[in-house]
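Asks: Shown below is the structure under consideration.
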Amino acid sequence: MKKNYISNSTESTRMFKSNLLESLSKVHFTVPLFVYVPVVIYFSYRALTAPLNIGTFALCFIGGLAVWTITEYLLHRYIFHFVPKAKWALRLHFIFHGVHHDYPKDAKRLVMPPSASIPLAVGFYFLFSLFFREKAYLWSFYPGFITGYLVYDMMHYAMHHYNFKSSLMKRVKQHHMLHHYDDSTKGYGVSSSLWDEIFRSGFPKKQKA
């Protein structure tokens, strides 16, 4: 398998001539928390004052978390790792994900900037609204989905910049590091390797030993 260029520099490489576009492509890892924790609180409040009993809310919330895990896997495998042929499309691919593989320690490009995540979050909200007749159920499901996204973003940053003590988190980190440094055609799950196990896109057990 062809090995791609990988830099271990912690500095951010410049992608755009425009200072505005360049600034929109970088973000401190805490920014998603400031943007989306209020979203989680708002929709949870709307659901619980609909009113909706706490048990139903919890089930819908967990359902949102579960749907995020498969969404994370599918986006990473089939969207972020789709390599187009056209030059303009290759440039777009590099901007969205290629730069992260070339510069995996770039601290300002490890979580999704709001310029990309907000349109996606709005799009998913309206997509999910097609499947829920009752708004209270949607308002319970959606914050679970967004919480899953926040867990993914925070874990992704930590995997590249934090030395875990927990054996479980060490295994989770190793799974993602193998994706970066050994074979980028495997190990698409970031916050969990569950879907890699189900779809057989994980790494051989002996490699993880």
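As shown in the structure tokens, the chain order sets the letters A, B, ...; within each chain, residues go from 1, and ligands are also counted from 1 in the order they appear.
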Write out as a PyMOL selection string all residues of stretch 20-136 of chain A that backbone DSSP assigns to helix (DSSP H, G or I).

Replies: chain A and resi 20-24+31-48+54-80+87-102+107-109+114-129+135-136

Asks: Fewer than 6 positions away in the same chain doesn't count, so skip those; otherwise give me all residues within 10 Å of stretch 194-207 of chain A, counting only C-alpha atoms, as a PyMOL selection string.

Replies: chain A and resi 69-70+72-74+77+175+178-179+182-183+185-188

Asks: Give me, as a list of chain:residue names, all polymer residues having an atom no more than 10 Å from A:Ile62, counting only C-alpha atoms and skipping those fewer than 2 positions away in the same chain.

Replies: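 So the residues in contact are A:Thr56, A:Phe57, A:Ala58, A:Leu59, A:Cys60, A:Gly64, A:Leu65, A:Ala66, A:Val67, A:Trp68, A:Ser140, A:Phe141, A:Tyr142, A:Pro143, A:Gly144, A:Phe145, A:Thr147, A:Gly148.
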
Asks: Which residues come within 7 Å of A:Tyr152, counting only C-alpha atoms, excluding same-chain residues fewer than 4 positions away, as a ChimeraX atom specification?

Replies: /A:148,156,190-191

Asks: What's around A:Val111 at 8 Å? Count only C-alpha atoms, leave out sequence neighbours fewer than 2 positions away in its own chain, and write the answer as a PyMOL selection string.

Replies: chain A and resi 27-29+32+108-109+113+153-154+156-157

Asks: Considering only C-alpha atoms, state which residue in the set A:Tyr137, A:Leu21, A:Phe124, A:Phe34 is at the smallest distance from A:Thr49.

Replies: A:Tyr137

Asks: Neighbours of A:Leu20 within 12 Å (only C-alpha atoms; same-chain residues fewer than 6 positions away dropped), as a PyMOL selection string?

Replies: chain A and resi 14+26+115

Asks: For stretch 160-170 of chain A, list every protein, DNA or RNA residue within 9 Å, evaluated using only C-alpha atoms, and leave out those in the same chain fewer than 2 positions away; present the list as a VMD selection string.

Replies: chain A and resid 104 to 107 110 155 to 158 172 to 175 177

Asks: Between atom CA of A:Val37 and atom CA of A:Ile146, what distance in Å does the model show, to one decimal?

Replies: 8.5 Å

Asks: Please report the interatomic distance between atom CA of A:Ser192 and atom CA of A:His97 in Å with one decimal.

Replies: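 If I compute the distance from atom CA of A:Ser192 to atom CA of A:His97, I get 19.0 Å.
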
Asks: What is the distance between atom CA of A:Ile41 and atom CA of A:Asn53, in Å to one decimal?

Replies: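 Pair atom CA of A:Ile41 / atom CA of A:Asn53 returns 16.4 Å.
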
Asks: Just checking: using only C-alpha atoms, which residue out of A:Leu90, A:Val99, A:Ala50, A:Leu75 ends up closest to A:Ser25?

Replies: A:Val99
